[in-house]
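File shown: query-v7.txt. Contents: compact mmCIF, C-alpha atoms.
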# COMPACT_ATOMS: atom_id res chain seq x y z
CA MET A 1114 28.47 -50.57 -4.61
CA GLN A 1115 31.41 -52.52 -6.01
CA SER A 1116 30.89 -54.75 -9.04
CA ILE A 1117 32.64 -58.10 -9.31
CA PRO A 1118 33.11 -59.56 -12.82
CA VAL A 1119 31.79 -63.12 -13.18
CA ASP A 1120 33.54 -65.66 -15.44
CA THR A 1121 30.47 -67.36 -16.93
CA SER A 1122 32.63 -69.97 -18.66
CA ARG A 1123 33.11 -71.57 -15.23
CA LEU A 1124 29.38 -71.80 -14.49
CA GLY A 1125 28.60 -74.77 -16.72
CA VAL A 1126 25.48 -74.88 -18.87
CA LEU A 1127 23.20 -71.87 -18.43
CA ARG A 1128 19.49 -72.25 -19.27
CA CYS A 1129 16.58 -69.86 -19.09
CA ALA A 1130 14.30 -70.96 -16.23
CA VAL A 1131 12.01 -67.92 -16.24
CA GLY A 1132 11.62 -65.86 -19.39
CA PRO A 1133 12.39 -62.13 -19.54
CA GLU A 1134 10.12 -59.95 -17.38
CA PRO A 1135 10.32 -56.16 -16.97
CA LYS A 1136 11.85 -55.27 -13.60
CA LEU A 1137 9.63 -53.05 -11.46
CA ALA A 1138 11.02 -49.87 -9.90
CA ASP A 1139 7.85 -49.40 -7.84
CA PHE A 1140 5.60 -52.35 -6.94
CA GLU A 1141 2.64 -50.13 -6.00
CA THR A 1142 2.52 -48.11 -9.23
CA LYS A 1143 3.91 -50.95 -11.41
CA GLN A 1144 6.45 -48.48 -12.86
CA VAL A 1145 9.18 -50.36 -14.73
CA LYS A 1146 12.86 -49.75 -14.03
CA LYS A 1147 14.93 -48.02 -16.72
CA ASP A 1148 18.69 -47.63 -17.15
CA ARG A 1149 20.47 -44.31 -17.75
CA ASP A 1150 19.80 -44.58 -21.49
CA GLY A 1151 16.06 -45.12 -21.00
CA ASN A 1152 16.12 -48.87 -21.78
CA THR A 1153 13.73 -51.04 -19.79
CA ILE A 1154 15.57 -53.39 -17.43
CA TYR A 1155 14.47 -57.03 -17.71
CA THR A 1156 15.16 -59.90 -15.35
CA VAL A 1157 15.77 -63.43 -16.55
CA GLY A 1158 15.83 -66.47 -14.26
CA VAL A 1159 18.81 -68.60 -15.28
CA THR A 1160 19.75 -72.06 -14.05
CA VAL A 1161 23.40 -72.62 -13.25
CA ARG A 1162 24.80 -76.13 -12.90
CA GLN A 1163 28.46 -76.74 -12.31
CA GLU A 1164 29.67 -80.30 -12.66
CA GLY A 1165 29.03 -82.32 -9.50
CA ARG A 1166 26.83 -79.63 -7.94
CA ARG A 1167 23.13 -78.97 -7.61
CA VAL A 1168 21.27 -76.64 -9.90
CA SER A 1169 20.87 -73.06 -8.70
CA VAL A 1170 18.59 -70.41 -10.17
CA ILE A 1171 19.80 -66.82 -10.28
CA GLU A 1172 18.03 -63.71 -11.54
CA ILE A 1173 20.05 -61.61 -13.93
CA ALA A 1174 19.10 -58.02 -14.83
CA VAL A 1175 19.78 -56.96 -18.41
CA PRO A 1176 19.01 -53.74 -20.34
CA GLY A 1177 16.48 -54.24 -23.14
CA GLU A 1178 14.37 -57.32 -23.82
CA PRO A 1179 16.48 -60.39 -24.64
CA LYS A 1180 15.14 -61.63 -27.99
CA GLY A 1181 14.70 -65.37 -28.50
CA VAL A 1182 15.23 -66.21 -24.83
CA VAL A 1183 12.43 -68.53 -23.64
CA GLU A 1184 12.12 -71.08 -20.87
CA GLY A 1185 14.36 -74.08 -21.46
CA THR A 1186 16.65 -72.30 -23.94
CA GLU A 1187 20.39 -72.61 -23.39
CA VAL A 1188 21.72 -69.06 -23.07
CA ARG A 1189 24.97 -67.14 -23.26
CA VAL A 1190 25.45 -64.37 -20.70
CA THR A 1191 27.81 -61.55 -21.70
CA GLY A 1192 29.41 -59.05 -19.34
CA MET A 1193 28.00 -60.51 -16.12
CA GLU A 1194 28.75 -58.75 -12.83
CA ALA A 1195 27.79 -59.51 -9.23
CA PHE A 1196 26.95 -56.92 -6.57
CA ALA A 1197 26.70 -57.44 -2.83
CA TRP A 1198 23.86 -55.41 -1.29
CA ALA A 1199 22.37 -54.75 2.15
CA MET A 1200 19.14 -53.04 3.24
CA GLY A 1201 18.62 -53.03 6.97
CA ASP A 1202 18.87 -56.63 8.15
CA ARG A 1203 18.46 -58.01 4.60
CA HIS A 1204 21.41 -58.71 2.32
CA GLY A 1205 22.30 -60.68 -0.77
CA ILE A 1206 23.98 -60.73 -4.16
CA SER A 1207 22.47 -59.32 -7.33
CA PHE A 1208 23.56 -60.05 -10.88
CA ARG A 1209 23.45 -57.97 -14.03
CA ALA A 1210 24.76 -58.51 -17.54
CA ALA A 1211 25.28 -56.55 -20.73
CA ALA A 1212 23.32 -59.17 -22.73
CA ILE A 1213 21.63 -62.56 -22.59
CA THR A 1214 21.31 -64.38 -25.91
CA PRO A 1215 20.10 -67.84 -26.93
CA VAL A 1216 22.73 -70.40 -27.89
CA ALA A 1217 22.10 -71.91 -31.31
CA PRO A 1218 21.47 -75.66 -31.03
CA ALA A 1219 24.28 -77.91 -32.29
CA GLY A 1220 23.86 -78.66 -35.98
CA ALA A 1221 21.61 -75.64 -36.57
CA PRO A 1222 22.28 -73.81 -39.82
CA ALA A 1223 24.44 -70.70 -39.42
CA GLY A 1224 22.19 -68.63 -41.66
CA LYS A 1225 19.55 -68.79 -44.34
CA GLY A 1226 20.79 -70.80 -47.23
CA GLY A 1227 19.38 -71.62 -50.55
CA GLY A 1228 18.76 -75.25 -51.34
CA ALA A 1229 20.00 -76.99 -54.45

In structure tokens, what does this structure look like?
Amino acid sequence: MQSIPVDTSRLGVLRCAVGPEPKLADFETKQVKKDRDGNTIYTVGVTVRQEGRRVSVIEIAVPGEPKGVVEGTEVRVTGMEAFAWAMGDRHGISFRAAAITPVAPAGAPAGKGGGA
């Protein structure tokens, strides 16, 4: 399966639509999917809205639970790749990323500071 790098800077504002959920490897046993390093794979539903286009929601798989990512949060997606897949008569595109992190709101303090 060939991976295609995705330039997320061209996707507009990305927001979490569905918070992180462990991805299941087996729906019957509820066994969660793990990567080669043993990290649980999570999926995050992310809205994508390019200027002048409708909003789309894509699911992005990411290793480890993305901390601070909740519904409505603007997010940054790092190392995103797309994969075309086919199973019988079904086909589609899947997405995975190295990390999904919340974007700090404008005007938010950069760190803990002491007051005067």

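Ranking A:Pro1133, A:Pro1118, A:Pro1215, A:Gly1165 by their shortest atom-to-atom distance to Thr1186 of chain A, with all atoms listed in the file included, puts A:Pro1215 first.
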
- Message: Counting only C-alpha atoms, which residue out of A:Asp1120, A:Glu1187, A:Asp1202, A:Glu1134 sits closest to Ala1174 of chain A?
- Response: A:Glu1134

- Note on the structure: Using all atoms listed in the file, the residue out of A:Val1182, A:Ser1116, A:Ala1197, A:Arg1123 with shortest distance to Val1216 of chain A is A:Val1182

Per residue of segment 1170-1222 of chain A within 9 Å of segment 1156-1160 of chain A, note the shortest atom pair and the distance in Å to one decimal, counting only C-alpha atoms, and order the rows by chain and increasing residue number, as a Markdown table.
| residue | atom | partner | partner_atom | distance |
| --- | --- | --- | --- | --- |
| A:Val1170 | CA | A:Thr1160 | CA | 4.4 |
| A:Ile1171 | CA | A:Val1159 | CA | 5.4 |
| A:Glu1172 | CA | A:Gly1158 | CA | 4.5 |
| A:Ile1173 | CA | A:Val1157 | CA | 5.3 |
| A:Ala1174 | CA | A:Thr1156 | CA | 4.4 |
| A:Val1175 | CA | A:Thr1156 | CA | 6.3 |
| A:Pro1176 | CA | A:Thr1156 | CA | 8.8 |
| A:Glu1178 | CA | A:Thr1156 | CA | 8.9 |
| A:Pro1179 | CA | A:Val1157 | CA | 8.7 |
| A:Val1182 | CA | A:Val1157 | CA | 8.8 |
| A:Glu1184 | CA | A:Gly1158 | CA | 8.9 |
| A:Val1188 | CA | A:Val1159 | CA | 8.3 |
| A:Arg1209 | CA | A:Thr1156 | CA | 8.6 |
| A:Ile1213 | CA | A:Val1157 | CA | 8.5 |

With C-alpha atoms kept, could you save the residues just selected as a CSV table (one decimal), in the coordinates of the input?
chain,number,residue,atom,x,y,z
A,1170,VAL,CA,18.6,-70.4,-10.2
A,1171,ILE,CA,19.8,-66.8,-10.3
A,1172,GLU,CA,18.0,-63.7,-11.5
A,1173,ILE,CA,20.0,-61.6,-13.9
A,1174,ALA,CA,19.1,-58.0,-14.8
A,1175,VAL,CA,19.8,-57.0,-18.4
A,1176,PRO,CA,19.0,-53.7,-20.3
A,1178,GLU,CA,14.4,-57.3,-23.8
A,1179,PRO,CA,16.5,-60.4,-24.6
A,1182,VAL,CA,15.2,-66.2,-24.8
A,1184,GLU,CA,12.1,-71.1,-20.9
A,1188,VAL,CA,21.7,-69.1,-23.1
A,1209,ARG,CA,23.4,-58.0,-14.0
A,1213,ILE,CA,21.6,-62.6,-22.6

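Taking atom CA of Gln1163 of chain A and atom CA of Arg1203 of chain A as endpoints, the distance between them is 27.1 Å.
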
- Message: Please report the interatomic distance between atom CA of Arg1128 of chain A and atom CA of Gly1192 of chain A in Å with one decimal.
- Response: 16.5 Å

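Taking atom CA of Ala1199 of chain A as the reference point, atom CA of Asp1148 of chain A is found at 20.9 Å.
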
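Among A:Thr1142, A:Thr1191, A:Thr1153, A:Ser1169, the residue with the shortest atom-to-atom distance to Ser1122 of chain A, counting only C-alpha atoms, is A:Thr1191.
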
The centre and edge lengths of an axis-aligned box containing all atoms of segment 1128-1142 of chain A present in the file, extended by 6 Å on each side, are to be given in Å to one decimal, as AutoDock Vina command-line options.
--center_x 11.0 --center_y -60.2 --center_z -12.8 --size_x 29.0 --size_y 36.1 --size_z 25.5

- Message: Taking (6.3, -53.8, -16.5) as a centre in this file's frame and 7 Å as the limit, can you find every polymer residue with an atom that close, using all atoms listed in the file, and give them as an MDAnalysis selection string?
- Response: chainID A and resid 1135:1137 1143:1145

- With a distance cut-off of 9 Å and all atoms listed in the file, select the neighbouring residues of Gly1185 of chain A, excluding the residue or stretch itself and same-chain residues fewer than 6 positions from it, and output the selection as a list in words. Arg1128, Cys1129, Ala1130, Val1131 and Gly1132 of chain A

- Item | A:Ile1117, A:Gly1177, A:Ala1217, A:Val1161 ranked by distance to Arg1149 of chain A, top pick (using all atoms listed in the file) | A:Gly1177
